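Engineer: Provided herewith: entry.cif, mmCIF, C-alpha atoms.
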```cif
data_input
#
loop_
_atom_site.label_atom_id
_atom_site.label_comp_id
_atom_site.auth_asym_id
_atom_site.auth_seq_id
_atom_site.Cartn_x
_atom_site.Cartn_y
_atom_site.Cartn_z
CA MET A 1 104.33 109.53 89.22
CA GLU A 2 106.53 110.06 92.27
CA ASP A 3 108.76 107.20 93.35
CA VAL A 4 107.49 106.83 96.92
CA LEU A 5 108.38 104.17 99.50
CA LYS A 6 105.25 102.72 101.10
CA ILE A 7 105.51 100.77 104.35
CA GLY A 8 102.27 99.82 106.04
CA SER A 9 100.21 103.01 106.12
CA HIS A 10 103.30 105.25 105.83
CA SER A 11 104.71 106.87 102.66
CA PHE A 12 108.20 108.32 102.35
CA SER A 13 110.07 110.24 99.65
CA SER A 14 113.49 109.54 101.17
CA ARG A 15 114.74 105.96 101.00
CA LEU A 16 117.53 106.64 103.48
CA PHE A 17 116.67 105.85 107.09
CA VAL A 18 119.21 106.99 109.67
CA GLY A 19 119.96 106.26 113.29
CA THR A 20 120.34 108.96 115.92
CA GLY A 21 123.02 107.31 118.04
CA LYS A 22 126.80 107.66 118.35
CA TYR A 23 127.14 111.33 117.32
CA LYS A 24 129.53 113.64 119.14
CA ASP A 25 126.72 115.86 120.40
CA PHE A 26 123.24 117.13 119.58
CA ALA A 27 124.48 119.83 117.19
CA GLU A 28 126.28 117.24 115.10
CA THR A 29 123.25 114.91 115.18
CA ARG A 30 121.02 117.68 113.95
CA ALA A 31 123.37 118.77 111.15
CA ALA A 32 123.85 115.19 109.95
CA LEU A 33 120.12 114.45 109.95
CA GLU A 34 119.48 117.64 107.95
CA ALA A 35 122.20 116.75 105.42
CA SER A 36 120.90 113.21 105.03
CA GLY A 37 117.41 114.28 103.93
CA ALA A 38 116.06 111.36 105.96
CA GLU A 39 112.41 111.31 106.99
CA VAL A 40 112.63 108.21 109.18
CA VAL A 41 115.01 108.04 112.13
CA THR A 42 115.51 105.28 114.64
CA VAL A 43 115.54 105.91 118.39
CA ALA A 44 116.20 103.58 121.30
CA VAL A 45 113.99 102.98 124.33
CA ARG A 46 115.86 103.38 127.60
CA ARG A 47 115.25 103.90 131.29
CA VAL A 48 115.03 107.53 132.33
CA ASP A 49 118.07 108.39 134.43
CA LEU A 50 116.36 109.36 137.67
CA SER A 51 119.50 110.90 139.16
CA LYS A 52 119.66 113.71 136.67
CA PRO A 53 117.25 115.43 134.27
CA ALA A 54 117.96 114.32 130.72
CA ASP A 55 118.67 116.75 127.91
CA GLN A 56 115.51 116.87 125.82
CA SER A 57 117.11 118.62 122.82
CA LEU A 58 117.20 115.62 120.49
CA MET A 59 113.62 114.46 121.06
CA THR A 60 112.27 118.02 120.97
CA TYR A 61 114.06 118.60 117.65
CA LEU A 62 112.83 115.30 116.14
CA ARG A 63 109.24 116.09 117.08
CA GLU A 64 109.38 119.72 115.89
CA ARG A 65 110.82 118.72 112.52
CA LYS A 66 108.21 115.97 112.24
CA PHE A 67 110.56 113.08 111.65
CA THR A 68 108.87 109.69 111.63
CA LEU A 69 110.29 107.92 114.66
CA LEU A 70 111.18 104.26 114.33
CA PRO A 71 111.82 103.00 117.87
CA ASN A 72 114.13 100.00 117.97
CA THR A 73 114.49 97.14 120.42
CA ALA A 74 118.27 97.42 120.52
CA GLY A 75 119.77 95.66 123.52
CA CYS A 76 117.14 92.93 123.64
CA TYR A 77 118.25 89.30 123.56
CA THR A 78 114.86 87.69 124.06
CA ALA A 79 111.50 87.91 122.32
CA GLU A 80 109.90 88.81 125.66
CA ASP A 81 112.14 91.84 126.18
CA ALA A 82 111.67 92.96 122.58
CA ILE A 83 107.88 92.69 122.90
CA ARG A 84 107.92 94.66 126.18
CA THR A 85 110.14 97.30 124.58
CA CYS A 86 107.80 97.68 121.60
CA ARG A 87 104.79 98.10 123.89
CA LEU A 88 106.68 100.75 125.86
CA ALA A 89 107.74 102.43 122.62
CA ARG A 90 104.16 102.55 121.39
CA GLU A 91 103.09 104.13 124.64
CA ALA A 92 105.99 106.62 124.72
CA GLY A 93 105.79 107.66 121.10
CA MET A 94 102.17 107.06 120.22
CA THR A 95 103.37 105.14 117.20
CA GLU A 96 102.82 101.56 116.04
CA PHE A 97 105.96 101.71 113.85
CA VAL A 98 108.79 99.60 115.33
CA LYS A 99 112.16 98.16 114.36
CA LEU A 100 112.33 94.69 115.84
CA GLU A 101 115.86 93.71 116.78
CA VAL A 102 116.58 90.63 118.90
CA LEU A 103 120.27 89.92 119.19
CA GLY A 104 121.96 86.55 119.38
CA ASP A 105 125.35 87.54 120.74
CA PRO A 106 127.15 90.73 121.73
CA GLU A 107 130.17 90.33 119.42
CA THR A 108 128.57 89.81 116.05
CA LEU A 109 125.26 91.46 117.02
CA PHE A 110 123.69 89.01 114.58
CA PRO A 111 119.97 88.49 115.12
CA ASP A 112 118.61 85.54 117.07
CA VAL A 113 116.35 84.24 114.34
CA GLU A 114 114.20 82.04 116.59
CA GLN A 115 113.48 84.85 119.07
CA THR A 116 112.93 87.36 116.23
CA LEU A 117 110.27 85.12 114.65
CA MET A 118 108.56 84.59 118.03
CA ALA A 119 108.49 88.32 118.76
CA ALA A 120 107.31 89.18 115.24
CA ARG A 121 104.28 86.86 115.55
CA VAL A 122 103.14 88.51 118.78
CA LEU A 123 103.81 92.07 117.63
CA VAL A 124 102.01 91.70 114.30
CA LYS A 125 98.99 90.29 116.17
CA GLU A 126 99.05 93.32 118.49
CA GLY A 127 98.81 95.66 115.53
CA PHE A 128 102.38 96.91 115.29
CA THR A 129 103.91 97.82 111.92
CA VAL A 130 106.98 95.62 112.30
CA LEU A 131 110.26 96.23 110.47
CA PRO A 132 112.48 93.34 111.53
CA TYR A 133 116.29 93.46 111.49
CA THR A 134 117.29 90.04 110.20
CA ASN A 135 120.15 88.13 108.61
CA ASP A 136 120.48 87.73 104.85
CA ASP A 137 118.85 84.28 104.82
CA PRO A 138 116.00 84.14 102.29
CA ILE A 139 114.18 81.44 104.33
CA THR A 140 114.07 83.62 107.43
CA CYS A 141 113.04 86.65 105.38
CA LYS A 142 110.15 84.71 103.82
CA LYS A 143 108.97 83.58 107.26
CA LEU A 144 109.03 87.18 108.53
CA GLU A 145 107.04 88.33 105.52
CA ASP A 146 104.52 85.48 105.92
CA ILE A 147 104.08 86.39 109.59
CA GLY A 148 102.96 89.83 108.41
CA CYS A 149 105.95 92.11 108.88
CA ALA A 150 105.56 95.33 106.89
CA ALA A 151 109.11 95.23 105.50
CA ILE A 152 112.22 93.06 105.71
CA MET A 153 115.52 94.51 106.87
CA PRO A 154 118.38 92.13 106.11
CA LEU A 155 121.84 93.13 107.28
CA GLY A 156 124.54 93.89 104.73
CA ALA A 157 127.25 93.04 107.29
CA PRO A 158 127.51 93.20 111.11
CA ILE A 159 126.27 96.40 112.76
CA GLY A 160 128.97 99.07 112.68
CA SER A 161 131.41 96.87 110.73
CA GLY A 162 131.46 99.02 107.59
CA LEU A 163 131.94 95.91 105.44
CA GLY A 164 129.16 96.83 103.04
CA ILE A 165 126.90 94.34 101.26
CA ARG A 166 128.69 91.07 102.00
CA ASN A 167 126.25 88.81 100.18
CA PRO A 168 124.60 90.63 97.28
CA TYR A 169 123.46 87.27 95.85
CA ASN A 170 121.36 86.48 98.91
CA ILE A 171 120.00 90.03 98.93
CA GLU A 172 118.99 89.56 95.29
CA ILE A 173 117.19 86.28 96.08
CA ILE A 174 115.41 88.02 98.95
CA LEU A 175 114.38 90.84 96.62
CA ARG A 176 113.00 88.44 94.02
CA GLN A 177 110.82 86.62 96.54
CA SER A 178 109.60 89.58 98.62
CA LYS A 179 106.35 91.43 98.13
CA VAL A 180 107.11 93.80 101.03
CA PRO A 181 109.88 96.43 100.89
CA VAL A 182 113.44 95.20 101.49
CA ILE A 183 115.61 97.67 103.37
CA VAL A 184 119.27 96.85 103.98
CA ASP A 185 119.96 97.56 107.63
CA ALA A 186 123.49 97.33 109.14
CA GLY A 187 127.01 97.11 107.85
CA VAL A 188 127.03 99.95 105.34
CA GLY A 189 130.43 101.69 105.41
CA THR A 190 130.55 104.25 102.65
CA ALA A 191 128.47 105.76 99.86
CA SER A 192 129.09 103.06 97.28
CA ASP A 193 127.73 100.41 99.69
CA ALA A 194 124.43 102.26 99.84
CA ALA A 195 124.38 102.73 96.07
CA ILE A 196 125.03 99.01 95.54
CA ALA A 197 122.12 98.09 97.79
CA MET A 198 119.80 100.39 95.84
CA GLU A 199 121.13 99.22 92.46
CA LEU A 200 120.30 95.64 93.43
CA GLY A 201 116.72 96.79 93.83
CA CYS A 202 116.43 97.36 97.57
CA GLN A 203 113.69 99.80 98.48
CA GLY A 204 115.77 101.56 101.14
CA VAL A 205 118.87 101.57 103.32
CA LEU A 206 119.14 102.10 107.07
CA MET A 207 122.42 103.17 108.64
CA ASN A 208 123.84 104.84 111.73
CA THR A 209 127.56 104.18 112.25
CA ALA A 210 128.49 104.83 108.61
CA ILE A 211 127.45 108.45 109.10
CA ALA A 212 128.05 109.08 112.82
CA GLY A 213 131.45 107.38 112.77
CA ALA A 214 132.76 109.11 109.65
CA LYS A 215 135.48 111.74 110.10
CA ASN A 216 133.03 114.29 108.75
CA PRO A 217 129.53 113.03 109.47
CA ILE A 218 127.84 115.96 107.73
CA HIS A 219 129.70 115.24 104.46
CA MET A 220 128.98 111.53 104.78
CA ALA A 221 125.29 112.16 105.46
CA ARG A 222 125.05 114.15 102.24
CA ALA A 223 127.08 111.50 100.38
CA MET A 224 124.65 108.83 101.56
CA LYS A 225 121.66 110.91 100.48
CA LEU A 226 123.14 111.21 97.00
CA ALA A 227 124.22 107.56 96.90
CA VAL A 228 120.75 106.28 97.75
CA GLU A 229 119.20 108.58 95.13
CA ALA A 230 121.81 107.62 92.52
CA GLY A 231 121.46 103.91 93.22
CA ARG A 232 117.70 104.09 93.01
CA LEU A 233 117.76 106.02 89.71
CA ALA A 234 120.30 103.60 88.27
CA PHE A 235 118.07 100.71 89.23
CA LEU A 236 115.01 102.32 87.66
CA ALA A 237 117.02 103.26 84.56
CA GLY A 238 117.78 99.63 83.77
CA ARG A 239 121.53 99.03 83.54
CA ILE A 240 123.39 97.53 80.57
CA PRO A 241 124.19 93.82 80.83
CA LYS A 242 127.67 92.69 81.83
CA LYS A 243 129.56 91.27 78.83
CA LEU A 244 132.82 89.42 78.51
CA TYR A 245 133.88 91.16 75.30
CA ALA A 246 133.84 94.74 74.07
CA THR A 247 131.20 96.47 71.99
CA ALA A 248 132.53 99.71 70.42
CA SER A 249 130.87 102.95 71.41
CA SER A 250 131.86 104.86 68.25
CA PRO A 251 130.55 103.99 64.71
CA LEU A 252 132.63 101.49 62.69
CA GLU A 253 131.94 103.16 59.31
CA GLY A 254 133.84 106.17 57.91
CA VAL A 255 137.12 105.59 59.70
CA ILE A 256 139.89 107.46 57.78
CA GLY A 257 142.31 105.38 55.63
CA SER A 258 145.30 103.98 57.45
CA GLU A 259 148.90 105.35 56.72
CA ARG A 260 150.27 101.82 56.51
CA SER A 261 149.84 99.94 53.19
CA MET B 1 105.99 101.82 151.20
CA ARG B 2 108.80 100.40 149.09
CA VAL B 3 108.74 100.01 145.32
CA GLN B 4 111.40 99.48 142.62
CA VAL B 5 111.83 102.12 139.93
CA ASN B 6 114.26 101.47 137.10
CA GLY B 7 116.08 98.87 139.13
CA GLU B 8 116.46 101.05 142.23
CA PRO B 9 114.48 100.79 145.47
CA ARG B 10 112.40 103.83 146.32
CA ASP B 11 110.13 104.79 149.19
CA VAL B 12 106.81 106.36 148.26
CA ALA B 13 103.82 107.47 150.32
CA SER B 14 101.08 104.84 150.43
CA GLY B 15 98.26 105.63 148.08
CA SER B 16 100.70 107.33 145.65
CA THR B 17 99.54 107.27 142.09
CA ILE B 18 101.76 107.03 139.04
CA VAL B 19 101.14 110.72 138.38
CA ALA B 20 102.41 111.52 141.87
CA LEU B 21 105.49 109.38 141.35
CA LEU B 22 106.30 110.99 137.99
CA THR B 23 105.88 114.43 139.52
CA GLU B 24 108.18 113.47 142.38
CA LEU B 25 110.73 112.31 139.81
CA GLY B 26 110.47 115.60 137.92
CA LEU B 27 108.96 113.87 134.89
CA SER B 28 105.43 115.25 134.72
CA GLY B 29 104.55 116.34 131.21
CA ARG B 30 107.48 114.42 129.73
CA PRO B 31 106.86 111.83 127.01
CA VAL B 32 107.68 108.76 129.08
CA ALA B 33 106.14 105.32 129.17
CA VAL B 34 105.49 103.38 132.37
CA GLU B 35 105.43 99.65 132.89
CA ARG B 36 104.18 98.32 136.24
CA ASN B 37 104.86 94.67 137.07
CA LEU B 38 105.48 93.93 133.39
CA ALA B 39 102.27 95.58 132.20
CA ILE B 40 102.08 98.92 130.41
CA VAL B 41 100.07 101.56 132.25
CA PRO B 42 98.58 103.84 129.57
CA ARG B 43 98.95 107.58 130.13
CA ALA B 44 95.18 107.93 130.56
CA GLU B 45 95.34 105.64 133.60
CA HIS B 46 98.32 107.26 135.37
CA ALA B 47 96.18 109.40 137.63
CA ALA B 48 93.92 106.52 138.64
CA THR B 49 96.60 103.88 139.19
CA GLU B 50 97.74 103.54 142.78
CA LEU B 51 101.07 101.92 143.55
CA ALA B 52 101.30 98.92 145.86
CA GLU B 53 104.06 97.63 148.13
CA GLY B 54 106.66 95.74 146.10
CA ASP B 55 105.64 97.12 142.70
CA THR B 56 108.37 97.01 140.06
CA LEU B 57 108.25 99.95 137.67
CA GLU B 58 110.08 100.81 134.48
CA VAL B 59 109.96 104.43 133.36
CA VAL B 60 111.42 104.83 129.88
CA GLN B 61 111.87 107.41 127.16
CA PHE B 62 113.30 107.63 123.66
CA VAL B 63 117.01 108.38 123.30
CA GLY B 64 119.35 108.50 120.32
CA GLY B 65 120.06 105.06 118.88
CA GLY B 66 120.64 103.14 115.66
#
```
Represent the structure of the file as structure tokens.

Structural biologist:
Amino acid sequence: MEDVLKIGSHSFSSRLFVGTGKYKDFAETRAALEASGAEVVTVAVRRVDLSKPADQSLMTYLRERKFTLLPNTAGCYTAEDAIRTCRLAREAGMTEFVKLEVLGDPETLFPDVEQTLMAARVLVKEGFTVLPYTNDDPITCKKLEDIGCAAIMPLGAPIGSGLGIRNPYNIEIILRQSKVPVIVDAGVGTASDAAIAMELGCQGVLMNTAIAGAKNPIHMARAMKLAVEAGRLAFLAGRIPKKLYATASSPLEGVIGSERS
Amino acid sequence: MRVQVNGEPRDVASGSTIVALLTELGLSGRPVAVERNLAIVPRAEHAATELAEGDTLEVVQFVGGG
């Protein structure tokens, strides 16, 4: 039986979701997305620049290669703006799949929990499949799940910080209580961070800066693909317990006689 | 008559529809979404929706983002 990630009515083979921002240019974006093996990519919703025609390469490519678009509400600081952005996204992309992100302040980019909960309630009622970016607080995550969000996306560390999974204990509590998929979103820095998230039992990892900001984004995209697969397999394999003392790996019987007498 | 599009004032002919505006902006056929006075105008209604003096419009699209 294939190990598939189900979110709402969607099914995915790849558990790595990637962002499409911050790359040097379209060619690099395309190469990194290919190397990552991702099926789901986030996009932002922004005003069309009326003074000049925008380059359509990225969106044309994403549509031709049939990526599942996950529009985000990046830049929104209120529930009202996030809700408006999701409605615009649904209209622009003909998709009900949205990443809800309501920020609390521009330095930490931590979510405004109160506004996120308010927006989630309205969006779920309007039929969106909501994937909320949230902090690693199990209480907030439970509220988002109870509201009807299709997944929970707790941050590992601040967006773009590269600090990895700062509170694996909270993530583990969130995993134990959640019936919807838990996808770590934000803060991943390198491959081992992604593997750690998957080894804990997370159902997926979402990242942008870790790949786009790497010295070689194509290499890092491939590293992340492998890390997410490795972490997932390790989780499914059932790791050995951590022990204080040693247990020999070689048999104790039949050791040759010692020279000393 | 005067309307606001993406935060900028713009003069349009009275009786202009959203389709006409998008064409004028060079956006016809592009996957954009339009909000008029804080309400989404579905694509199917673009041809039938006439703009009014003082309308505030947002015309958005998807771009790269995390």

Engineer: Restricting the calculation to only C-alpha atoms: of B:Leu21, B:Ala44, B:Val32, B:Ala39, which residue gets closest to chain A?

Structural biologist: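 So, comparing all the options, the nearest one is B:Val32.
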
Engineer: I'd like the contact shell of Ser14 of chain A - 8 Å cut-off, all atoms listed in the file, skipping same-chain residues fewer than 2 positions apart - returned as a VMD selection string.

Structural biologist: chain A and resid 4 to 5 12 16 to 17 37 to 39

Engineer: List the residues matched by the PyMOL selection byres ((chain B and resi 25-27) around 10) in the displayed structure as a list in words, ordered by chain and then by residue number.

Structural biologist: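 Expected selection for the PyMOL selection byres ((chain B and resi 25-27) around 10) here is Val48, Asp49, Leu50, Ser51, Lys52, Pro53 and Ala54 of chain A; Val19, Ala20, Leu21, Leu22, Thr23, Glu24, Ser28, Gly29, Arg30, Pro31, Val32 and Val59 of chain B.
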
Engineer: Show me, as a PyMOL selection string, every residue of chain B with an atom at most 10 Å from chain A, counting only C-alpha atoms.

Structural biologist: chain B and resi 5-8+25-27+30-35+38-43+58-66

Engineer: Ile152 of chain A: which residues within 8 Å, counting only C-alpha atoms, same-chain residues fewer than 4 positions away excluded, as a PyMOL selection string?

Structural biologist: chain A and resi 131-134+141+144-145+180-183

Engineer: Please produce a file of those selected residues containing C-alpha atoms, as a PDB file, in the coordinates of the input.

Structural biologist:
```
ATOM      1  CA  LEU A 131     110.260  96.230 110.470  1.00  0.00           C
ATOM      2  CA  PRO A 132     112.480  93.340 111.530  1.00  0.00           C
ATOM      3  CA  TYR A 133     116.290  93.460 111.490  1.00  0.00           C
ATOM      4  CA  THR A 134     117.290  90.040 110.200  1.00  0.00           C
ATOM      5  CA  CYS A 141     113.040  86.650 105.380  1.00  0.00           C
ATOM      6  CA  LEU A 144     109.030  87.180 108.530  1.00  0.00           C
ATOM      7  CA  GLU A 145     107.040  88.330 105.520  1.00  0.00           C
ATOM      8  CA  VAL A 180     107.110  93.800 101.030  1.00  0.00           C
ATOM      9  CA  PRO A 181     109.880  96.430 100.890  1.00  0.00           C
ATOM     10  CA  VAL A 182     113.440  95.200 101.490  1.00  0.00           C
ATOM     11  CA  ILE A 183     115.610  97.670 103.370  1.00  0.00           C
TER      12      ILE A 183
END
```

Engineer: For atom CA of Gly201 of chain A and atom CA of Met224 of chain A, determine how far apart the two atoms are, in Å to one decimal place.

Structural biologist: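 These atoms are spaced 16.4 Å apart.
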
Engineer: Counting only C-alpha atoms, what is within 9 Å of Ala223 of chain A, bar same-chain residues fewer than 5 positions away, as a list in words?

Structural biologist: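 So, after excluding close chain neighbours, the residues are Ala35, Ser36, Thr190, Ala191, Ile218 and Val228 of chain A.
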
Engineer: Selected by the PyMOL selection byres ((chain A and resi 129) around 8) in the shown coordinates: which residues, as an mmCIF file with C-alpha atoms, in the frame of the given file?

Structural biologist:
```cif
data_model
loop_
_atom_site.group_PDB
_atom_site.id
_atom_site.type_symbol
_atom_site.label_atom_id
_atom_site.label_comp_id
_atom_site.auth_asym_id
_atom_site.auth_seq_id
_atom_site.Cartn_x
_atom_site.Cartn_y
_atom_site.Cartn_z
ATOM 1 C CA GLY A 8 102.270 99.820 106.040
ATOM 2 C CA GLU A 96 102.820 101.560 116.040
ATOM 3 C CA PHE A 97 105.960 101.710 113.850
ATOM 4 C CA VAL A 98 108.790 99.600 115.330
ATOM 5 C CA VAL A 124 102.010 91.700 114.300
ATOM 6 C CA GLY A 127 98.810 95.660 115.530
ATOM 7 C CA PHE A 128 102.380 96.910 115.290
ATOM 8 C CA VAL A 130 106.980 95.620 112.300
ATOM 9 C CA LEU A 131 110.260 96.230 110.470
ATOM 10 C CA CYS A 149 105.950 92.110 108.880
ATOM 11 C CA ALA A 150 105.560 95.330 106.890
#
```

Engineer: Please put the answer as lines of an AutoDock Vina configuration file: centre and edge lengths, in Å with one decimal, of a box along x, y and z that encloses all listed atoms of segment 43-59 of chain B plus 4 Å on each side.

Structural biologist:
```
center_x = 102.0
center_y = 102.6
center_z = 139.1
size_x = 24.2
size_y = 21.7
size_z = 26.0
```

Engineer: Take the PyMOL selection byres ((chain A and resi 121) around 10), run it mentally on this structure, and tell me the resulting residues as a PyMOL selection string.

Structural biologist: chain A and resi 79+116-120+122-126+130+144+146-149

Engineer: For a test of reading the model, state the distance in Å between atom CA of Gly164 of chain A and atom CA of Asn135 of chain A, rounded to one decimal.

Structural biologist: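 These two atoms are separated by 13.7 Å.
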
Engineer: Just give me the residues with any atom within 10 Å of (121.4, 89.0, 118.6), file coordinates, counting only C-alpha atoms, written as an mmCIF file with C-alpha atoms, in the frame of the given file.

Structural biologist:
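Final output, saved to point.cif:
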```
data_model
loop_
_atom_site.group_PDB
_atom_site.id
_atom_site.type_symbol
_atom_site.label_atom_id
_atom_site.label_comp_id
_atom_site.auth_asym_id
_atom_site.auth_seq_id
_atom_site.Cartn_x
_atom_site.Cartn_y
_atom_site.Cartn_z
ATOM 1 C CA ALA A 74 118.270 97.420 120.520
ATOM 2 C CA GLY A 75 119.770 95.660 123.520
ATOM 3 C CA CYS A 76 117.140 92.930 123.640
ATOM 4 C CA TYR A 77 118.250 89.300 123.560
ATOM 5 C CA THR A 78 114.860 87.690 124.060
ATOM 6 C CA GLU A 101 115.860 93.710 116.780
ATOM 7 C CA VAL A 102 116.580 90.630 118.900
ATOM 8 C CA LEU A 103 120.270 89.920 119.190
ATOM 9 C CA GLY A 104 121.960 86.550 119.380
ATOM 10 C CA ASP A 105 125.350 87.540 120.740
ATOM 11 C CA PRO A 106 127.150 90.730 121.730
ATOM 12 C CA GLU A 107 130.170 90.330 119.420
ATOM 13 C CA THR A 108 128.570 89.810 116.050
ATOM 14 C CA LEU A 109 125.260 91.460 117.020
ATOM 15 C CA PHE A 110 123.690 89.010 114.580
ATOM 16 C CA PRO A 111 119.970 88.490 115.120
ATOM 17 C CA ASP A 112 118.610 85.540 117.070
ATOM 18 C CA VAL A 113 116.350 84.240 114.340
ATOM 19 C CA GLN A 115 113.480 84.850 119.070
ATOM 20 C CA THR A 116 112.930 87.360 116.230
ATOM 21 C CA TYR A 133 116.290 93.460 111.490
ATOM 22 C CA THR A 134 117.290 90.040 110.200
#
```

Engineer: So how far away is atom CA of Ser178 of chain A from atom CA of Ala237 of chain A, in Å?

Structural biologist: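 So the answer is 21.0 Å.
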
Engineer: Could you give me, as a PDB file with C-alpha atoms, in the coordinates of the input, the residues that sit within 8 Å of (131.2, 104.0, 104.3) in the file's coordinates, counting all atoms listed in the file?

Structural biologist:
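Here's the written file result-v3.pdb:
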```
ATOM      1  CA  GLY A 162     131.460  99.020 107.590  1.00  0.00           C
ATOM      2  CA  GLY A 164     129.160  96.830 103.040  1.00  0.00           C
ATOM      3  CA  VAL A 188     127.030  99.950 105.340  1.00  0.00           C
ATOM      4  CA  GLY A 189     130.430 101.690 105.410  1.00  0.00           C
ATOM      5  CA  THR A 190     130.550 104.250 102.650  1.00  0.00           C
ATOM      6  CA  ALA A 191     128.470 105.760  99.860  1.00  0.00           C
ATOM      7  CA  SER A 192     129.090 103.060  97.280  1.00  0.00           C
ATOM      8  CA  ASP A 193     127.730 100.410  99.690  1.00  0.00           C
ATOM      9  CA  ALA A 210     128.490 104.830 108.610  1.00  0.00           C
ATOM     10  CA  ILE A 211     127.450 108.450 109.100  1.00  0.00           C
ATOM     11  CA  ALA A 214     132.760 109.110 109.650  1.00  0.00           C
ATOM     12  CA  MET A 220     128.980 111.530 104.780  1.00  0.00           C
TER      13      MET A 220
END
```

Engineer: Is it possible to add N, CA and C atoms to segment 26-40 of chain B and hand it back as a PDB file, in the frame of the given file?

Structural biologist:
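The resulting selection38.pdb:
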```pdb
ATOM      1  N   GLY B  26     110.225 114.466 138.806  1.00  0.00           N
ATOM      2  CA  GLY B  26     110.470 115.600 137.920  1.00  0.00           C
ATOM      3  C   GLY B  26     110.137 115.287 136.468  1.00  0.00           C
ATOM      4  N   LEU B  27     109.237 114.316 136.256  1.00  0.00           N
ATOM      5  CA  LEU B  27     108.960 113.870 134.890  1.00  0.00           C
ATOM      6  C   LEU B  27     107.550 114.215 134.412  1.00  0.00           C
ATOM      7  N   SER B  28     106.805 115.004 135.176  1.00  0.00           N
ATOM      8  CA  SER B  28     105.430 115.250 134.720  1.00  0.00           C
ATOM      9  C   SER B  28     105.469 116.051 133.435  1.00  0.00           C
ATOM     10  N   GLY B  29     104.596 115.670 132.505  1.00  0.00           N
ATOM     11  CA  GLY B  29     104.550 116.340 131.210  1.00  0.00           C
ATOM     12  C   GLY B  29     105.577 115.816 130.221  1.00  0.00           C
ATOM     13  N   ARG B  30     106.473 114.928 130.658  1.00  0.00           N
ATOM     14  CA  ARG B  30     107.480 114.420 129.730  1.00  0.00           C
ATOM     15  C   ARG B  30     106.934 113.172 129.012  1.00  0.00           C
ATOM     16  N   PRO B  31     107.362 112.996 127.754  1.00  0.00           N
ATOM     17  CA  PRO B  31     106.860 111.830 127.010  1.00  0.00           C
ATOM     18  C   PRO B  31     107.536 110.535 127.460  1.00  0.00           C
ATOM     19  N   VAL B  32     107.117 110.012 128.583  1.00  0.00           N
ATOM     20  CA  VAL B  32     107.680 108.760 129.080  1.00  0.00           C
ATOM     21  C   VAL B  32     106.614 107.681 129.026  1.00  0.00           C
ATOM     22  N   ALA B  33     107.064 106.440 129.106  1.00  0.00           N
ATOM     23  CA  ALA B  33     106.140 105.320 129.170  1.00  0.00           C
ATOM     24  C   ALA B  33     106.406 104.573 130.474  1.00  0.00           C
ATOM     25  N   VAL B  34     105.363 104.043 131.069  1.00  0.00           N
ATOM     26  CA  VAL B  34     105.490 103.380 132.370  1.00  0.00           C
ATOM     27  C   VAL B  34     104.988 101.949 132.283  1.00  0.00           C
ATOM     28  N   GLU B  35     105.820 101.055 132.811  1.00  0.00           N
ATOM     29  CA  GLU B  35     105.430  99.650 132.890  1.00  0.00           C
ATOM     30  C   GLU B  35     105.393  99.297 134.378  1.00  0.00           C
ATOM     31  N   ARG B  36     104.304  98.678 134.817  1.00  0.00           N
ATOM     32  CA  ARG B  36     104.180  98.320 136.240  1.00  0.00           C
ATOM     33  C   ARG B  36     103.993  96.811 136.331  1.00  0.00           C
ATOM     34  N   ASN B  37     104.930  96.136 136.946  1.00  0.00           N
ATOM     35  CA  ASN B  37     104.860  94.670 137.070  1.00  0.00           C
ATOM     36  C   ASN B  37     104.638  94.032 135.715  1.00  0.00           C
ATOM     37  N   LEU B  38     105.454  94.458 134.750  1.00  0.00           N
ATOM     38  CA  LEU B  38     105.480  93.930 133.390  1.00  0.00           C
ATOM     39  C   LEU B  38     104.262  94.276 132.548  1.00  0.00           C
ATOM     40  N   ALA B  39     103.414  95.161 133.021  1.00  0.00           N
ATOM     41  CA  ALA B  39     102.270  95.580 132.200  1.00  0.00           C
ATOM     42  C   ALA B  39     102.330  97.081 131.973  1.00  0.00           C
ATOM     43  N   ILE B  40     102.076  97.483 130.724  1.00  0.00           N
ATOM     44  CA  ILE B  40     102.080  98.920 130.410  1.00  0.00           C
ATOM     45  C   ILE B  40     100.907  99.590 131.129  1.00  0.00           C
TER      46      ILE B  40
END
```
